[in-house]
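Here the structure comes first, spelled out in structure tokens, and everything after it is commentary.
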Amino acid sequence: MSKSKFTFIDLFAGIGGFRMALDNLGGKCINFSEINNDAINTYCTNFNEGAEHNLGDITKIKALPSHNLLTAGVPCQSWSIAGRNLGFDDDRGQLWNDTIYLLNQSKPDAFIFENVKGLVDPRNKEALLYILQRIKEAGYFANYYVLNSFNYGVPQNRIRIYIIGFREKKFADNFKLPAPLEKKIRLGDIITDFDNSIHVEEDVAQRDLFGNIVGKRSMSLSSRNGFNDYFLFNDLRNGHSTVHSWDIIDTTDREKEICYLLLKNRRKSAYGCLDGNPLALKHFQKLDSSVTKNEIDELVAKGILKPEEYSFRINDSKIDDLTEDEEFLLSLTSNDVLVVDSLKINREIKKKKISISKTLKQLIDKEAISCIEIRYDFKNTKISTGLFGVNRIFLPTSNIFPTLVASDTNDFITTKVISANDEDEYKERFINEIYKTGEYRRISKEEACLIQGFPANYILPESRARWMKLIGNSVSVPVIEIIGKAIVETGVFEHKANKSNRGKTKPLEHPVAL
């Protein structure tokens, strides 16, 4: 494609994901806007850009110079959708409103706005409708698209909303978003110390007891021979590629049986109203009469289970120095008993932001309540944390890596490929040959760049926390390039009519509250 010349302004520029994509299409960046010092330095270094081209804090920008395309990766801030509802000039100070204010002021031919997928969540329907309404009032024909970066050139599961608009309807009608790419970039394609020729080799097919090949599973990240190409470390779920704490801590077969007893029953409503409920000894014994307290205690000692005080009796003695929070919790008793489950689902407690554990401890210390039931749950009950610092380990044969986020994750990769005939062998080989030998690592800076579509040698700070924050907040370059190419192909930048109107503000009526 011959390069089309157009100008653009890069709001919330970050490290230059929009800039790189649009530069590749022949665009010329007039100015950018960014306030994070690391991002500014990274942007200027990689694009050999002077800091004087940074417009700075968007809330303080009064006008933009004339340009063809406005881009903005608007931060996913907590946002009051209506502001003060006094019009474009009076809704400043809220980043979406500030962005649309500058769109209205500068009147470019087209725009691309990017945001997290949560904006299309039903709970945020009002916010999205409000944004689209303000865009319409600014004189634009816009639509939104929910795209996964994996479908457009990077090995990452990154779902984002892109709002794309044009000043003239005919160009909006001409806009056609390209179909997902047939040839995908895989994780093995970007791992820097992996021989990618291994990636295309077929593994040993998984077979059932009769020797028949087992069909592919939709949950597999690459649907490769029926096996998942990642291993998940947690005690709350089960599957052929789930590694539990009792798989990696020395436990007996009997102890494993007790762990599975809890795993299979803790989500049943008979044991409480939560999605996962601890079980008392009597519950274990009802499921298996041979379970003893000593066996439970041994699993507690090994750090697999933990005891939890579950219900409390209200003591008769009157306490005079109770706090407001303590008195409120005591008011929620049923037959003089407080049950932790009922406290956790109580809406008023959430509204009042009362710490249940802290308040119960205070009541115990004041001898206002006494524990009458101990239950047992897994020690590790936060799925995203994983086990012992590991959440997931991805094999190089996986299609994708999880969404890169600014705070980093406990996700790892290995360069080793596993062959197996069945699920048990697959999991056993993974634990013995990868996990126990430590043949896994975090993604490198170079790999993180490639996962977002930047060159591997893109210059970022040395500190992992700093470069991970920058790359995790960026847009995926290939997605923006594909969107930008589709915008160029509408012919919008070849259209010269009304060019003299760019940069002039057209008065609009006050927005209508939704």
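Lettering and numbering for the structure tokens are positional, with chains as A, B, ... in the shown order, residues counted from 1 in each chain, and ligands counted from 1 in the shown order.
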
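Residues lying within 10 Å of Ile459 (chain A), counting only C-alpha atoms and ignoring same-chain neighbours fewer than 5 positions away, are Ile15, Asn41, Thr42, Tyr43, Thr45, Asn46, Lys445, Glu446, Cys449 and Trp467 of chain A.
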
### All residues 8 Å or closer to Phe394 (chain A), only C-alpha atoms, same chain fewer than 5 positions away omitted, as a list in words
Asp229, Tyr230, Phe231, Phe401, Asp411, Phe412, Ile413 and Thr414 of chain A

For the residues in that selection, give me C-alpha atoms as a PDB file, in the first residue's frame.
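Now in result-v9.pdb:
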ATOM      1  CA  ASP A 229      -0.739 -25.664  26.954  1.00  0.00           C
ATOM      2  CA  TYR A 230      -0.572 -23.992  30.336  1.00  0.00           C
ATOM      3  CA  PHE A 231      -0.709 -25.169  33.946  1.00  0.00           C
ATOM      4  CA  PHE A 401      -0.067 -15.203  26.885  1.00  0.00           C
ATOM      5  CA  ASP A 411       2.471 -15.799  35.155  1.00  0.00           C
ATOM      6  CA  PHE A 412       5.540 -17.586  33.805  1.00  0.00           C
ATOM      7  CA  ILE A 413       6.740 -19.322  30.646  1.00  0.00           C
ATOM      8  CA  THR A 414       8.844 -22.393  29.977  1.00  0.00           C
TER       9      THR A 414
END

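Comparing A:Ile480, A:Ile258, A:Val154, A:Leu450 by their smallest distance to Arg19 (chain A), the closest is A:Ile480 (using only C-alpha atoms).
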
Per DSSP on the backbone, filter region 24-71 of chain A down to the residues in alpha helix (DSSP H) and report them as a PDB file with C-alpha atoms, in the first residue's frame.
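In the end it all went to selection_33.pdb:
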ATOM      1  CA  ASN A  24       4.120   3.025   9.876  1.00  0.00           C
ATOM      2  CA  ASN A  37       7.761  11.025  33.397  1.00  0.00           C
ATOM      3  CA  ASP A  38       8.866   7.485  32.519  1.00  0.00           C
ATOM      4  CA  ALA A  39       6.415   7.404  29.612  1.00  0.00           C
ATOM      5  CA  ILE A  40       7.520  10.854  28.380  1.00  0.00           C
ATOM      6  CA  ASN A  41      11.206   9.896  28.480  1.00  0.00           C
ATOM      7  CA  THR A  42      10.513   6.579  26.733  1.00  0.00           C
ATOM      8  CA  TYR A  43       8.407   8.267  24.050  1.00  0.00           C
ATOM      9  CA  CYS A  44      10.937  10.995  23.351  1.00  0.00           C
ATOM     10  CA  THR A  45      13.889   8.591  23.326  1.00  0.00           C
ATOM     11  CA  ASN A  46      12.381   6.063  20.934  1.00  0.00           C
ATOM     12  CA  PHE A  47      10.941   8.637  18.512  1.00  0.00           C
TER      13      PHE A  47
END

### Task
Run DSSP on the backbone of this structure and report the residues of region 102-341 of chain A it assigns to strand (DSSP E or B), as an MDAnalysis selection string.
chainID A and resid 110:116 141:148 156 159:166 207 213 224 227 230:233 242:243 279:280 305:314 334 337:339

Requested write-out: N, CA and C atoms of the selected residues, as a CSV table (one decimal), in the first residue's frame:
chain,number,residue,atom,x,y,z
A,110,ALA,N,-11.1,12.4,11.7
A,110,ALA,CA,-11.5,11.1,12.3
A,110,ALA,C,-10.8,11.0,13.7
A,111,PHE,N,-11.2,10.0,14.4
A,111,PHE,CA,-10.5,9.8,15.7
A,111,PHE,C,-10.5,8.3,16.0
A,112,ILE,N,-9.6,7.9,16.9
A,112,ILE,CA,-9.6,6.5,17.5
A,112,ILE,C,-9.4,6.7,19.0
A,113,PHE,N,-10.4,6.2,19.8
A,113,PHE,CA,-10.3,6.2,21.2
A,113,PHE,C,-10.3,4.7,21.7
A,114,GLU,N,-9.4,4.4,22.6
A,114,GLU,CA,-9.2,3.1,23.2
A,114,GLU,C,-9.5,3.0,24.6
A,115,ASN,N,-10.1,1.9,25.1
A,115,ASN,CA,-10.4,1.8,26.6
A,115,ASN,C,-10.5,0.3,26.9
A,116,VAL,N,-10.5,0.1,28.2
A,116,VAL,CA,-10.7,-1.3,28.7
A,116,VAL,C,-12.0,-1.9,28.3
A,141,PHE,N,-19.9,10.8,13.5
A,141,PHE,CA,-20.5,9.5,13.3
A,141,PHE,C,-19.6,8.4,13.8
A,142,ALA,N,-20.0,7.8,14.9
A,142,ALA,CA,-19.0,6.9,15.6
A,142,ALA,C,-19.6,5.5,15.8
A,143,ASN,N,-18.8,4.5,16.0
A,143,ASN,CA,-19.2,3.2,16.4
A,143,ASN,C,-18.1,2.6,17.2
A,144,TYR,N,-18.4,1.6,18.0
A,144,TYR,CA,-17.4,1.0,18.8
A,144,TYR,C,-17.2,-0.5,18.5
A,145,TYR,N,-16.0,-1.0,18.7
A,145,TYR,CA,-15.6,-2.3,18.3
A,145,TYR,C,-14.9,-3.0,19.5
A,146,VAL,N,-15.2,-4.2,19.8
A,146,VAL,CA,-14.5,-4.9,20.9
A,146,VAL,C,-13.6,-5.9,20.2
A,147,LEU,N,-12.3,-5.7,20.4
A,147,LEU,CA,-11.3,-6.5,19.6
A,147,LEU,C,-10.3,-7.2,20.6
A,148,ASN,N,-9.9,-8.4,20.2
A,148,ASN,CA,-8.9,-9.1,21.0
A,148,ASN,C,-7.6,-9.0,20.2
A,156,GLN,N,-1.3,-12.4,22.5
A,156,GLN,CA,-1.8,-11.9,23.8
A,156,GLN,C,-3.3,-11.9,23.8
A,159,ILE,N,-8.4,-7.9,25.3
A,159,ILE,CA,-9.6,-7.5,24.8
A,159,ILE,C,-9.8,-6.0,25.2
A,160,ARG,N,-10.1,-5.2,24.2
A,160,ARG,CA,-10.2,-3.7,24.4
A,160,ARG,C,-11.4,-3.2,23.5
A,161,ILE,N,-11.9,-2.1,23.9
A,161,ILE,CA,-12.9,-1.4,23.1
A,161,ILE,C,-12.2,-0.3,22.4
A,162,TYR,N,-12.6,-0.1,21.1
A,162,TYR,CA,-12.1,0.9,20.3
A,162,TYR,C,-13.3,1.7,19.7
A,163,ILE,N,-13.3,3.0,20.0
A,163,ILE,CA,-14.4,3.8,19.5
A,163,ILE,C,-13.8,4.6,18.3
A,164,ILE,N,-14.4,4.5,17.1
A,164,ILE,CA,-13.8,5.1,15.9
A,164,ILE,C,-14.9,5.9,15.3
A,165,GLY,N,-14.5,7.2,15.0
A,165,GLY,CA,-15.5,8.1,14.4
A,165,GLY,C,-15.0,9.0,13.3
A,166,PHE,N,-15.9,9.5,12.5
A,166,PHE,CA,-15.6,10.4,11.4
A,166,PHE,C,-16.6,11.6,11.4
A,207,ARG,N,-4.8,-40.6,23.8
A,207,ARG,CA,-5.7,-41.7,23.5
A,207,ARG,C,-6.4,-42.2,24.7
A,213,ILE,N,-7.9,-41.8,19.5
A,213,ILE,CA,-7.4,-40.5,19.7
A,213,ILE,C,-8.5,-39.6,20.3
A,224,ARG,N,-4.3,-28.3,21.4
A,224,ARG,CA,-3.2,-29.2,20.8
A,224,ARG,C,-3.3,-30.5,21.5
A,227,PHE,N,-4.7,-31.4,25.1
A,227,PHE,CA,-4.1,-31.0,26.4
A,227,PHE,C,-4.0,-29.4,26.4
A,230,TYR,N,-1.0,-24.8,29.2
A,230,TYR,CA,-0.6,-24.0,30.3
A,230,TYR,C,-1.0,-24.8,31.6
A,231,PHE,N,-0.3,-24.5,32.7
A,231,PHE,CA,-0.7,-25.2,33.9
A,231,PHE,C,-1.1,-24.1,34.9
A,232,LEU,N,-2.2,-24.3,35.6
A,232,LEU,CA,-2.8,-23.4,36.5
A,232,LEU,C,-2.6,-23.9,37.9
A,233,PHE,N,-2.0,-23.0,38.8
A,233,PHE,CA,-1.7,-23.4,40.2
A,233,PHE,C,-2.7,-22.8,41.1
A,242,THR,N,-4.3,-28.6,36.2
A,242,THR,CA,-4.4,-27.8,37.4
A,242,THR,C,-3.4,-28.4,38.4
A,243,VAL,N,-2.5,-27.6,39.0
A,243,VAL,CA,-1.6,-28.1,40.0
A,243,VAL,C,-2.0,-27.6,41.3
A,279,LEU,N,-15.5,-26.3,55.5
A,279,LEU,CA,-16.2,-27.5,56.1
A,279,LEU,C,-15.8,-27.7,57.5
A,280,ALA,N,-16.7,-28.0,58.4
A,280,ALA,CA,-16.4,-28.4,59.8
A,280,ALA,C,-16.0,-29.9,59.8
A,305,LEU,N,-4.3,-26.7,54.5
A,305,LEU,CA,-5.6,-26.2,55.0
A,305,LEU,C,-5.4,-25.2,56.1
A,306,LYS,N,-6.4,-24.4,56.4
A,306,LYS,CA,-6.4,-23.5,57.5
A,306,LYS,C,-7.7,-23.5,58.3
A,307,PRO,N,-7.6,-23.4,59.6
A,307,PRO,CA,-8.8,-23.3,60.4
A,307,PRO,C,-9.5,-22.0,60.4
A,308,GLU,N,-10.8,-21.9,60.4
A,308,GLU,CA,-11.5,-20.6,60.4
A,308,GLU,C,-12.6,-20.6,61.5
A,309,GLU,N,-12.6,-19.6,62.2
A,309,GLU,CA,-13.7,-19.4,63.2
A,309,GLU,C,-14.9,-19.0,62.4
A,310,TYR,N,-16.0,-19.9,62.5
A,310,TYR,CA,-17.1,-19.7,61.5
A,310,TYR,C,-18.3,-19.2,62.2
A,311,SER,N,-18.7,-19.6,63.4
A,311,SER,CA,-19.9,-19.1,64.1
A,311,SER,C,-19.6,-18.8,65.5
A,312,PHE,N,-20.3,-17.8,66.1
A,312,PHE,CA,-20.1,-17.3,67.4
A,312,PHE,C,-21.3,-17.2,68.2
A,313,ARG,N,-21.2,-17.5,69.5
A,313,ARG,CA,-22.3,-17.3,70.4
A,313,ARG,C,-22.2,-15.9,71.1
A,314,ILE,N,-23.3,-15.3,71.2
A,314,ILE,CA,-23.3,-14.0,71.9
A,314,ILE,C,-23.3,-14.2,73.4
A,334,SER,N,-28.7,-14.2,64.8
A,334,SER,CA,-29.9,-15.1,64.6
A,334,SER,C,-29.9,-16.1,65.7
A,337,VAL,N,-26.7,-16.1,67.7
A,337,VAL,CA,-25.5,-16.7,67.0
A,337,VAL,C,-25.1,-15.8,65.8
A,338,LEU,N,-23.8,-15.5,65.7
A,338,LEU,CA,-23.3,-14.8,64.5
A,338,LEU,C,-22.6,-15.8,63.6
A,339,VAL,N,-23.0,-15.8,62.3
A,339,VAL,CA,-22.4,-16.7,61.3
A,339,VAL,C,-21.7,-15.9,60.3

#### Entry: Close residues, Lys416 (chain A) itself excluded, 9 Å, only C-alpha atoms, min 5 positions apart in chain, as a PyMOL selection string
chain A and resi 194+395-396+433-434+439-440

### Query
When distances are computed from only C-alpha atoms, which of A:Thr251, A:Thr333, A:Asn315, A:Asn399 shows the smallest separation from Val300 (chain A)?
A:Thr251

#### Entry: Spatial neighbours of Asp250 (chain A), 12 Å, only C-alpha atoms, chain gap at least 4 places, as a ChimeraX atom specification
/A:244-246,254-256,298-299,302-304

Would you pick out the contacts of Ser355 (chain A) at 10 Å or less, using only C-alpha atoms, so that residues sharing its chain but fewer than 5 positions from it are not included, and give the list as an mmCIF file with N, CA and C atoms, in the first residue's frame?
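Now in result_31.cif:
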data_model
loop_
_atom_site.group_PDB
_atom_site.id
_atom_site.type_symbol
_atom_site.label_atom_id
_atom_site.label_comp_id
_atom_site.auth_asym_id
_atom_site.auth_seq_id
_atom_site.Cartn_x
_atom_site.Cartn_y
_atom_site.Cartn_z
ATOM 1 N N ASP A 325 -19.442 -0.048 64.797
ATOM 2 C CA ASP A 325 -19.314 -1.233 63.938
ATOM 3 C C ASP A 325 -19.595 -2.505 64.718
ATOM 4 N N LYS A 344 -20.698 -11.917 55.443
ATOM 5 C CA LYS A 344 -19.989 -11.658 54.184
ATOM 6 C C LYS A 344 -20.927 -11.257 53.051
ATOM 7 N N ILE A 349 -23.039 -4.109 55.540
ATOM 8 C CA ILE A 349 -21.641 -4.195 55.987
ATOM 9 C C ILE A 349 -20.719 -3.678 54.890
ATOM 10 N N LYS A 350 -21.036 -4.043 53.634
ATOM 11 C CA LYS A 350 -20.215 -3.569 52.517
ATOM 12 C C LYS A 350 -20.336 -2.063 52.352
ATOM 13 N N LEU A 360 -14.787 -8.746 64.426
ATOM 14 C CA LEU A 360 -15.008 -9.967 65.204
ATOM 15 C C LEU A 360 -13.914 -10.165 66.236
#

### Message
Neighbouring residues of His53 (chain A) were defined as those with any atom within 10 Å, considering only C-alpha atoms; residues of the same chain fewer than 4 positions away were excluded. Please report them as a ChimeraX atom specification.
### Response
/A:29-33,44,49

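Taking CA of Asn68 (chain A) and CA of Phe6 (chain A) as the two end points, the separation is 6.0 Å.
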
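Compared by their closest atoms to Lys379 (chain A), and using only C-alpha atoms, the residues A:Ala301, A:Ile185, A:Ile61, A:Val74 rank with A:Ala301 nearest.
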